[in-house]
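K.L.:
My structure is in entry.txt, and what it holds is compact mmCIF, C-alpha atoms:
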# COMPACT_ATOMS: atom_id res chain seq x y z
CA MET A 1 33.78 10.77 43.34
CA GLU A 2 33.19 7.03 43.69
CA ASP A 3 32.90 4.76 40.67
CA GLN A 4 29.20 4.05 41.09
CA ALA A 5 28.36 7.76 41.24
CA LEU A 6 30.56 8.34 38.22
CA ILE A 7 28.71 5.69 36.22
CA ALA A 8 25.35 7.19 37.24
CA ARG A 9 26.50 10.51 35.80
CA ILE A 10 27.82 8.83 32.66
CA GLN A 11 24.45 7.15 32.22
CA ALA A 12 23.05 10.70 32.20
CA LYS A 13 25.58 11.55 29.45
CA ASP A 14 27.85 13.71 31.61
CA GLN A 15 31.01 14.08 29.50
CA ASP A 16 33.16 15.33 32.40
CA ALA A 17 32.30 12.21 34.38
CA MET A 18 33.24 10.08 31.38
CA LEU A 19 36.60 11.81 31.06
CA LEU A 20 37.27 11.33 34.76
CA LEU A 21 36.54 7.61 34.41
CA HIS A 22 38.86 7.53 31.40
CA ALA A 23 41.67 9.24 33.31
CA ARG A 24 41.15 6.92 36.28
CA TYR A 25 41.14 3.63 34.38
CA ALA A 26 43.11 4.36 31.20
CA ASN A 27 46.16 2.54 32.57
CA LEU A 28 44.14 -0.55 33.54
CA VAL A 29 42.38 -0.78 30.18
CA TYR A 30 45.54 0.01 28.22
CA SER A 31 47.54 -2.60 30.15
CA ILE A 32 44.96 -5.30 29.41
CA ALA A 33 44.88 -4.33 25.74
CA TYR A 34 48.67 -4.35 25.61
CA ARG A 35 48.79 -7.78 27.26
CA VAL A 36 46.50 -9.18 24.57
CA LEU A 37 47.76 -7.28 21.54
CA SER A 38 51.46 -6.71 22.41
CA GLU A 39 51.53 -3.54 20.36
CA GLN A 40 51.20 0.08 21.40
CA ALA A 41 49.10 1.52 18.58
CA ALA A 42 46.63 -1.36 18.66
CA ALA A 43 46.44 -1.16 22.45
CA GLU A 44 45.68 2.58 22.24
CA GLU A 45 42.89 1.97 19.74
CA ALA A 46 41.46 -0.84 21.85
CA THR A 47 41.56 1.43 24.90
CA GLN A 48 39.57 4.13 23.14
CA ASP A 49 37.10 1.58 21.75
CA THR A 50 36.60 0.18 25.25
CA PHE A 51 35.74 3.57 26.71
CA MET A 52 33.51 4.37 23.75
CA LYS A 53 31.57 1.18 24.49
CA VAL A 54 31.23 2.36 28.09
CA TRP A 55 30.02 5.77 26.93
CA LEU A 56 27.47 4.31 24.54
CA ASN A 57 26.37 1.39 26.74
CA ALA A 58 26.66 2.76 30.26
CA ALA A 59 22.99 2.00 30.80
CA SER A 60 23.82 -1.71 30.65
CA TYR A 61 25.89 -1.46 33.83
CA ALA A 62 24.06 -2.79 36.87
CA VAL A 63 25.46 -2.49 40.39
CA GLU A 64 24.56 -6.08 41.21
CA ARG A 65 26.75 -7.25 38.32
CA GLY A 66 29.83 -6.26 40.27
CA ALA A 67 32.44 -3.57 40.69
CA VAL A 68 33.16 -1.09 37.92
CA PRO A 69 36.79 -2.27 37.44
CA ALA A 70 35.57 -5.84 36.87
CA TRP A 71 33.02 -4.60 34.34
CA LEU A 72 35.67 -2.51 32.57
CA THR A 73 38.09 -5.43 32.57
CA ARG A 74 35.56 -7.65 30.80
CA ILE A 75 34.84 -5.01 28.15
CA ALA A 76 38.55 -4.28 27.65
CA ARG A 77 39.43 -7.95 27.29
CA ASN A 78 36.62 -8.57 24.80
CA VAL A 79 37.48 -5.51 22.70
CA ALA A 80 41.15 -6.53 22.60
CA ILE A 81 40.32 -10.13 21.70
CA ASP A 82 38.01 -8.97 18.89
CA ARG A 83 40.87 -6.89 17.56
CA LEU A 84 43.27 -9.82 17.89
CA ARG A 85 40.93 -12.05 15.93
CA SER A 86 40.57 -9.50 13.14
CA ARG A 87 44.29 -9.24 12.60
CA THR A 88 45.68 -10.85 9.50
CA ARG A 89 49.23 -10.71 10.74
CA GLN A 90 50.34 -11.11 14.30
CA THR A 91 53.51 -10.55 16.22
CA GLY A 92 54.94 -12.76 18.90
CA ARG A 93 53.26 -12.95 22.28
CA ASP A 94 53.34 -15.18 25.32
CA ASP A 95 49.88 -16.48 25.99
CA ASP A 96 50.85 -19.80 27.41
CA SER A 97 51.06 -18.75 31.01
CA VAL A 98 49.44 -16.65 33.66
CA GLU A 99 52.33 -15.62 35.88
CA LEU A 100 52.35 -13.23 38.78
CA SER A 101 53.68 -9.84 37.81
CA ASP A 102 56.64 -8.40 39.58
CA GLU A 103 55.10 -6.24 42.31
CA SER A 104 56.88 -3.12 41.08
CA HIS A 105 55.17 -3.55 37.70
CA ALA A 106 51.81 -4.82 38.91
CA LEU A 107 48.56 -3.04 38.27
CA PRO A 108 47.41 -1.10 41.33
CA ILE A 109 44.23 -2.25 43.04
CA PRO A 110 41.55 0.32 42.21
CA ASN A 111 40.80 2.35 45.33
CA ASP A 112 37.11 1.83 44.93
CA TRP A 113 37.26 -1.98 44.74
CA GLN A 114 37.34 -3.07 48.35
CA ASN A 115 36.43 -6.69 47.52
CA ALA A 116 39.56 -7.11 45.47
CA ARG A 117 41.73 -5.67 48.22
CA GLU A 118 40.39 -8.33 50.59
CA ARG A 119 40.40 -11.26 48.20
CA LEU A 120 43.56 -10.82 46.14
CA PRO A 121 45.96 -12.33 48.70
CA GLU A 122 44.06 -15.63 48.59
CA LEU A 123 43.89 -15.52 44.81
CA ARG A 124 47.62 -14.81 44.63
CA SER A 125 48.30 -17.81 46.81
CA ALA A 126 46.09 -20.05 44.65
CA LEU A 127 47.77 -18.80 41.49
CA GLU A 128 51.20 -19.59 42.89
CA GLN A 129 50.09 -23.16 43.47
CA LEU A 130 48.20 -23.61 40.21
CA PRO A 131 49.66 -26.45 38.08
CA PRO A 132 51.30 -24.96 34.95
CA GLU A 133 49.15 -27.04 32.60
CA GLN A 134 46.00 -25.55 34.16
CA ALA A 135 47.41 -22.01 34.05
CA GLN A 136 48.33 -22.57 30.41
CA VAL A 137 44.83 -23.39 29.17
CA ILE A 138 43.34 -20.53 31.17
CA ALA A 139 45.83 -18.07 29.68
CA LEU A 140 45.32 -19.33 26.14
CA ALA A 141 41.58 -18.78 26.47
CA TYR A 142 41.55 -15.47 28.32
CA PHE A 143 44.51 -13.67 26.79
CA GLY A 144 44.74 -15.58 23.51
CA GLY A 145 41.04 -15.73 22.67
CA LEU A 146 41.12 -19.46 21.94
CA SER A 147 38.19 -21.78 22.57
CA GLN A 148 38.62 -25.13 24.27
CA SER A 149 38.55 -26.83 20.85
CA ASP A 150 41.22 -24.46 19.52
CA ILE A 151 43.41 -25.14 22.53
CA ALA A 152 43.03 -28.89 22.13
CA LEU A 153 44.16 -28.59 18.51
CA GLN A 154 47.02 -26.27 19.35
CA LEU A 155 48.37 -28.39 22.19
CA SER A 156 47.57 -31.70 20.49
CA LEU A 157 45.53 -32.77 23.48
CA PRO A 158 42.16 -34.52 23.69
CA LEU A 159 39.35 -32.00 24.10
CA GLY A 160 38.32 -33.69 27.35
CA THR A 161 41.79 -33.12 28.81
CA VAL A 162 41.62 -29.43 28.00
CA LYS A 163 38.16 -29.16 29.53
CA THR A 164 39.26 -30.92 32.69
CA ARG A 165 42.37 -28.80 33.13
CA MET A 166 40.41 -25.62 32.57
CA ARG A 167 37.63 -26.63 34.93
CA LEU A 168 40.02 -27.64 37.70
CA GLY A 169 42.06 -24.47 37.33
CA LEU A 170 39.05 -22.19 37.34
CA GLN A 171 37.58 -24.01 40.31
CA ARG A 172 40.78 -23.60 42.35
CA LEU A 173 40.97 -19.90 41.57
CA ARG A 174 37.29 -19.35 42.23
CA ASP A 175 37.47 -21.20 45.57
CA ALA A 176 40.33 -18.92 46.60
CA TRP A 177 38.44 -15.84 45.46
CA VAL A 178 35.34 -16.60 47.52
CA ALA A 179 37.18 -18.08 50.52
CA MET B 1 19.02 -29.98 23.82
CA ILE B 2 21.05 -28.86 26.86
CA ASP B 3 19.06 -28.12 30.02
CA ASP B 4 19.59 -24.95 32.07
CA THR B 5 21.37 -26.76 34.90
CA THR B 6 24.00 -28.06 32.51
CA LEU B 7 24.34 -24.65 30.89
CA LEU B 8 24.77 -23.03 34.30
CA GLU B 9 27.80 -25.26 34.88
CA LEU B 10 29.41 -23.78 31.77
CA ILE B 11 29.39 -20.23 33.16
CA PRO B 12 33.08 -20.38 34.27
CA GLU B 13 34.24 -21.27 30.77
CA TYR B 14 31.87 -18.67 29.30
CA ALA B 15 33.39 -15.99 31.54
CA LEU B 16 36.82 -17.07 30.33
CA GLY B 17 35.69 -16.81 26.69
CA ALA B 18 36.58 -20.45 26.07
CA LEU B 19 33.31 -21.85 24.70
CA ASP B 20 32.57 -22.58 21.07
CA ALA B 21 30.13 -20.34 19.20
CA GLU B 22 27.09 -22.56 19.70
CA GLU B 23 27.69 -22.99 23.45
CA THR B 24 28.25 -19.23 23.74
CA ARG B 25 24.93 -18.56 22.02
CA LEU B 26 23.13 -20.89 24.43
CA ILE B 27 24.65 -19.16 27.45
CA ASP B 28 23.81 -15.74 26.00
CA ASP B 29 20.23 -16.92 25.85
CA LEU B 30 20.35 -18.33 29.38
CA LEU B 31 21.63 -15.01 30.74
CA THR B 32 18.57 -13.20 29.42
CA ARG B 33 16.26 -15.31 31.59
CA SER B 34 18.26 -16.61 34.58
CA GLU B 35 19.26 -14.43 37.52
CA PRO B 36 21.42 -17.21 39.08
CA ALA B 37 23.32 -17.37 35.79
CA ARG B 38 23.89 -13.62 35.80
CA LEU B 39 25.12 -13.69 39.40
CA ALA B 40 27.43 -16.64 38.75
CA LEU B 41 28.86 -14.83 35.74
CA ALA B 42 29.45 -11.66 37.78
CA ASP B 43 31.27 -13.76 40.36
CA TYR B 44 33.63 -15.32 37.81
CA GLU B 45 34.18 -12.03 36.00
CA ALA B 46 35.25 -10.42 39.26
CA MET B 47 37.65 -13.29 39.92
CA LEU B 48 39.11 -12.95 36.41
CA ALA B 49 39.50 -9.19 36.91
CA GLY B 50 41.41 -10.03 40.08
CA LEU B 51 43.57 -12.39 38.04
CA VAL B 52 44.28 -9.53 35.65
CA LEU B 53 45.43 -7.32 38.51
CA LEU B 54 47.84 -10.01 39.63
CA THR B 55 49.26 -11.07 36.28
CA VAL B 56 49.08 -8.19 33.81
CA PRO B 57 52.07 -5.83 34.02
CA GLN B 58 51.13 -2.19 34.21
CA HIS B 59 51.76 -0.04 31.16
CA VAL B 60 51.15 3.68 31.37
CA ALA B 61 48.65 4.86 28.78
CA PRO B 62 49.80 7.88 26.76
CA ALA B 63 48.56 11.10 28.35
CA SER B 64 46.99 12.24 25.11
CA LEU B 65 44.42 9.41 25.14
CA THR B 66 42.04 11.19 27.49
CA GLU B 67 42.05 14.37 25.44
CA GLN B 68 41.62 12.41 22.22
CA PHE B 69 38.73 10.61 23.82
CA ALA B 70 37.17 13.95 24.81
CA GLN B 71 37.16 14.95 21.15
CA ARG B 72 35.69 11.59 20.19
CA ILE B 73 32.73 11.74 22.54
CA LYS B 74 32.04 15.33 21.51
CA SER B 75 31.91 14.18 17.89
CA GLU B 76 29.76 11.24 18.88
CA SER B 77 27.32 13.52 20.69
CA ILE B 78 27.05 15.76 17.64
CA ARG B 79 26.58 12.73 15.42
CA GLN B 80 23.78 11.43 17.63
CA THR B 81 22.13 14.86 17.61
CA VAL B 82 21.88 14.90 13.83
CA GLN B 83 20.95 11.20 13.88
CA THR B 84 23.07 10.13 10.97
CA PRO B 85 22.02 6.63 9.93
CA ILE B 86 24.67 4.04 10.67
CA VAL B 87 25.53 1.53 8.00
CA PRO B 88 26.68 -1.67 9.69
CA VAL B 89 30.05 -2.92 8.54
CA PRO B 90 29.99 -6.65 7.78
CA LYS B 91 32.32 -8.64 10.01
CA ARG B 92 35.19 -10.42 8.36
CA ARG B 93 35.39 -14.03 9.37
CA ILE B 94 38.93 -15.29 9.87
CA PRO B 95 39.40 -19.01 9.19
CA ARG B 96 39.97 -20.94 12.41
CA ALA B 97 43.09 -22.60 10.98
CA LEU B 98 44.63 -19.18 10.45
CA LEU B 99 43.83 -18.17 14.02
CA ILE B 100 45.39 -21.32 15.40
CA ALA B 101 48.48 -20.97 13.23
CA ALA B 102 48.90 -17.40 14.44
CA ALA B 103 48.48 -18.46 18.04
CA ILE B 104 51.15 -21.16 17.62
CA LEU B 105 53.48 -18.52 16.22
CA MET B 106 52.81 -16.35 19.23
CA ILE B 107 53.51 -19.16 21.66
CA ALA B 108 56.71 -20.07 19.83
CA THR B 109 58.06 -16.61 20.42
CA GLY B 110 58.27 -17.59 24.05
CA LEU B 111 58.29 -16.05 27.44
CA ALA B 112 61.23 -13.80 26.68
CA ALA B 113 58.84 -11.30 25.17
CA LEU B 114 57.11 -11.01 28.52
CA PHE B 115 60.21 -9.66 30.13
CA ASN B 116 61.18 -7.49 27.18
CA ARG B 117 57.92 -5.63 27.06
CA ILE B 118 57.53 -4.75 30.71
CA SER B 119 58.07 -1.05 31.11
CA PRO B 120 59.06 -0.41 34.71
CA LEU B 121 57.17 2.28 36.54
CA ASP B 122 59.42 4.84 38.18
CA PRO B 123 58.23 6.43 41.45
CA ILE B 124 56.89 9.51 39.65
CA ALA B 125 54.90 7.40 37.19
CA ARG B 126 53.51 5.40 40.08
CA GLN B 127 52.43 8.57 41.92
CA ILE B 128 50.82 9.87 38.73
CA ALA B 129 48.94 6.59 38.38
CA GLU B 130 47.79 6.85 42.00
CA VAL B 131 46.37 10.33 41.43
CA LEU B 132 44.62 9.24 38.24
CA ASN B 133 43.22 6.15 40.01
CA ASP B 134 42.06 8.17 42.99
CA PRO B 135 38.24 7.99 43.15
CA ALA B 136 38.16 11.28 45.04
CA ALA B 137 40.12 13.13 42.35
CA VAL B 138 38.35 15.68 40.20
CA GLY B 139 39.38 17.15 36.85
CA SER B 140 39.31 20.71 35.51
CA PRO B 141 39.88 21.36 31.80
CA LEU B 142 42.54 23.90 30.88
CA ALA B 143 41.44 26.91 28.82
CA PHE B 144 44.27 27.93 26.48
CA THR B 145 44.81 31.35 24.95
CA LEU B 146 47.65 30.42 22.59
CA PRO B 147 47.07 31.76 19.06
CA ASN B 148 48.75 28.80 17.36
CA GLY B 149 48.18 25.07 17.61
CA THR B 150 45.49 23.16 19.42
CA PRO B 151 46.89 22.32 22.84
CA SER B 152 44.61 20.70 25.36
CA GLY B 153 44.92 19.67 28.97
CA ARG B 154 43.32 18.80 32.26
CA PHE B 155 44.34 19.50 35.85
CA ILE B 156 43.33 16.44 37.92
CA TYR B 157 43.59 16.87 41.67
CA ASN B 158 42.49 15.81 45.11
CA LYS B 159 42.47 18.67 47.59
CA ALA B 160 42.50 16.27 50.52
CA THR B 161 45.70 14.47 49.47
CA LYS B 162 47.27 17.70 48.15
CA ARG B 163 48.33 15.91 45.01
CA ALA B 164 47.61 16.74 41.39
CA VAL B 165 48.51 15.70 37.87
CA LEU B 166 48.64 17.94 34.84
CA GLN B 167 47.80 16.19 31.56
CA MET B 168 48.67 18.13 28.40
CA ALA B 169 48.72 17.36 24.72
CA GLN B 170 50.17 19.23 21.75
CA LEU B 171 51.76 22.02 23.75
CA PRO B 172 53.90 23.92 21.21
CA ALA B 173 57.67 23.90 21.58
CA LEU B 174 59.09 27.24 22.77
CA PRO B 175 62.12 29.13 21.39
CA PRO B 176 65.45 28.41 23.11
CA GLY B 177 65.70 30.21 26.44
CA GLN B 178 62.01 29.87 27.34
CA GLN B 179 60.00 27.37 29.35
CA TYR B 180 56.44 26.93 30.49
CA GLN B 181 55.98 27.56 34.21
CA LEU B 182 53.13 26.12 36.28
CA TRP B 183 51.41 28.13 39.03
CA LEU B 184 48.83 27.71 41.74
CA ILE B 185 47.14 31.03 42.46
CA ASP B 186 45.27 32.21 45.54
CA GLY B 187 44.18 35.64 46.75
CA ASN B 188 47.74 36.51 47.82
CA GLY B 189 49.58 35.63 44.64
CA ALA B 190 51.06 32.77 42.66
CA GLN B 191 53.14 29.81 43.86
CA SER B 192 55.37 28.09 41.32
CA VAL B 193 54.77 24.36 41.16
CA GLY B 194 57.01 23.34 38.29
CA LEU B 195 58.30 23.81 34.77
CA ALA B 196 57.38 22.14 31.49
CA ASP B 197 58.60 22.01 27.91
CA GLY B 198 56.52 21.85 24.77
CA LYS B 199 55.76 18.22 23.97
CA GLN B 200 53.26 16.20 22.01
CA THR B 201 51.91 14.66 25.23
CA GLN B 202 52.94 14.77 28.84
CA GLU B 203 51.78 14.07 32.37
CA ILE B 204 53.33 16.10 35.17
CA LEU B 205 53.04 15.39 38.87
CA VAL B 206 52.23 18.65 40.66
CA ASN B 207 53.19 18.78 44.31
CA SER B 208 51.88 21.96 45.87
CA GLY B 209 53.48 21.15 49.21
CA SER B 210 50.55 22.83 50.91
CA ASP B 211 46.79 22.68 51.15
CA LEU B 212 45.23 22.83 47.69
CA ASN B 213 42.08 24.24 49.31
CA ALA B 214 43.82 27.59 49.47
CA TYR B 215 44.03 27.86 45.69
CA ARG B 216 41.36 28.86 43.24
CA VAL B 217 43.23 28.76 39.93
CA PHE B 218 45.92 26.71 38.21
CA ALA B 219 47.76 28.64 35.48
CA ILE B 220 50.62 28.28 32.99
CA THR B 221 52.83 31.15 31.83
CA ILE B 222 55.83 31.41 29.51
CA GLU B 223 59.02 32.38 31.36
CA LEU B 224 62.79 32.35 30.86
CA THR B 225 64.43 28.93 31.21
CA GLY B 226 64.65 27.98 34.86
CA GLY B 227 61.51 29.84 35.81
CA ALA B 228 60.63 33.11 37.50
CA PRO B 229 59.71 33.97 41.10
CA LYS B 230 56.43 35.52 39.90
CA PRO B 231 54.49 35.32 36.62
CA SER B 232 55.92 37.90 34.25
CA GLY B 233 52.97 37.98 31.87
CA ASP B 234 49.45 36.79 31.22
CA PRO B 235 48.80 33.06 31.54
CA ILE B 236 48.55 31.01 28.36
CA ALA B 237 46.27 28.49 30.11
CA VAL B 238 44.11 28.46 33.22
CA ALA B 239 41.95 25.94 35.06
CA THR B 240 39.53 26.83 37.82
CA LEU B 241 39.84 24.62 40.91
Let me see whether you can do it: turn the structure in this file into structure tokens.

P.N.:
Amino acid sequence: MEDQALIARIQAKDQDAMLLLHARYANLVYSIAYRVLSEQAAAEEATQDTFMKVWLNAASYAVERGAVPAWLTRIARNVAIDRLRSRTRQTGRDDDSVELSDESHALPIPNDWQNARERLPELRSALEQLPPEQAQVIALAYFGGLSQSDIALQLSLPLGTVKTRMRLGLQRLRDAWVA
Amino acid sequence: MIDDTTLLELIPEYALGALDAEETRLIDDLLTRSEPARLALADYEAMLAGLVLLTVPQHVAPASLTEQFAQRIKSESIRQTVQTPIVPVPKRRIPRALLIAAAILMIATGLAALFNRISPLDPIARQIAEVLNDPAAVGSPLAFTLPNGTPSGRFIYNKATKRAVLQMAQLPALPPGQQYQLWLIDGNGAQSVGLADGKQTQEILVNSGSDLNAYRVFAITIELTGGAPKPSGDPIAVATL
């Protein structure tokens, strides 16, 4: 069953459809949560919270807002970042870079996301050429949950420099994505 | 006062989660009334999801998560039926300085952690992930007849690709000399498709080696260690295909 049909059934509160979506995307959601939280128990809780949000808010999904994996990725990232921010004690992580994963460890492209299959090679190429200082601010925001002001403070850089680096980096990646 | 055109230009940073609270609130408001803003956001979110696929190492979620989630949505459905009022929990606000200090600590730990925490996927784990990510796969819950414990499981399969994964949680350990044996059953009898031990959680790749269309039932029996050519007793779990 394709993702869109699955979501339609979840919107009608079909529990079997929800469990199939969970089984299909648990690794994706868990991997994102683990990347942000660096800890198994917290990543498991964030995974379950992500799918519970999907179950309770499936009606908010609109086809024109993009593919289901992209929607799930946004929810998973936000849930994990909320959890990260609520921590009083944190363990070491590595948020200062977005680096290509070794292919043998990379997340598989969801079967139902044809756009990604077509566009990822260009994005990969752009990422390989992205200046490290641009990759750094993007990673600190996306995986570390830091705002531009936070990043400026952390890196002892003028806010304008952070904004410029982030804008240039995002623009390069976006240009590759839509090429 | 920031006009909509200027706000629209902040969509990339909004998608990244990099804006301050006030800017985020303004974009939230813009999204409620601007279709171009919503489309631009969807575009950047898709790109960021692509970035995740390229940069986030895969970790295999514990098999028990799906079954635990099944219990959770059942409870949630019951809760909604009785319409228990929800008391909102006030959010704790963490001082920004504390957040930044924690982030600095994380950065200081360095890239070594990246390499330490990657759990390589062996070929079996990769095949299991492929079955679970297969949009054409369907799932059948296992019905258990064991008197003790609360095992649970699902048989997830795609008849076209002839591949299947068995997810089980809280399967009781057996006495020495016994193992669980997995069967696919059609009108002519049962074909053994593997063995399993009692574990808290497990995912097993089931290769039938033949057309799954021929089978109507997946079953588990308890046999002597090493397995039996035919089921020697009643199944302790079945799933209808």

K.L.:
Show me, as a PyMOL selection string, the residues that have an atom within 8 Å of Ala46 (chain A) when counting only C-alpha atoms, minus same-chain residues fewer than 3 positions from it.

P.N.:
chain A and resi 30+33+42-43+49-50+76+79-80+83

K.L.:
To one decimal place, how far is CA of Trp113 (chain A) from CA of Gly139 (chain B) in Å?

P.N.:
20.8 Å

K.L.:
Let me make sure I understand: among A:Ser149, A:Gln136, A:Asn57, A:Gln154, which one has the smallest atom-to-atom distance to Ala12 (chain A) if we use all atoms listed in the file?

P.N.:
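Once distances to Ala12 (chain A) are computed over all atoms listed in the file, the minimum belongs to A:Asn57.
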
K.L.:
Interatomic distance between CA of Trp183 (chain B) and CA of Ile220 (chain B)?

P.N.:
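Calculated distance between CA of Trp183 (chain B) and CA of Ile220 (chain B) is 6.1 Å.
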
K.L.:
Could you work out how far CA of Tyr34 (chain A) lies from CA of Ala97 (chain B), giving the answer in Å with one decimal?

P.N.:
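For CA of Ala97 (chain B) relative to CA of Tyr34 (chain A), the distance reads 24.0 Å.
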
K.L.:
Which one is closest to Phe69 (chain B): A:Glu45, A:Asp150, A:Asp14, A:Asp175? Count only C-alpha atoms.

P.N.:
A:Glu45
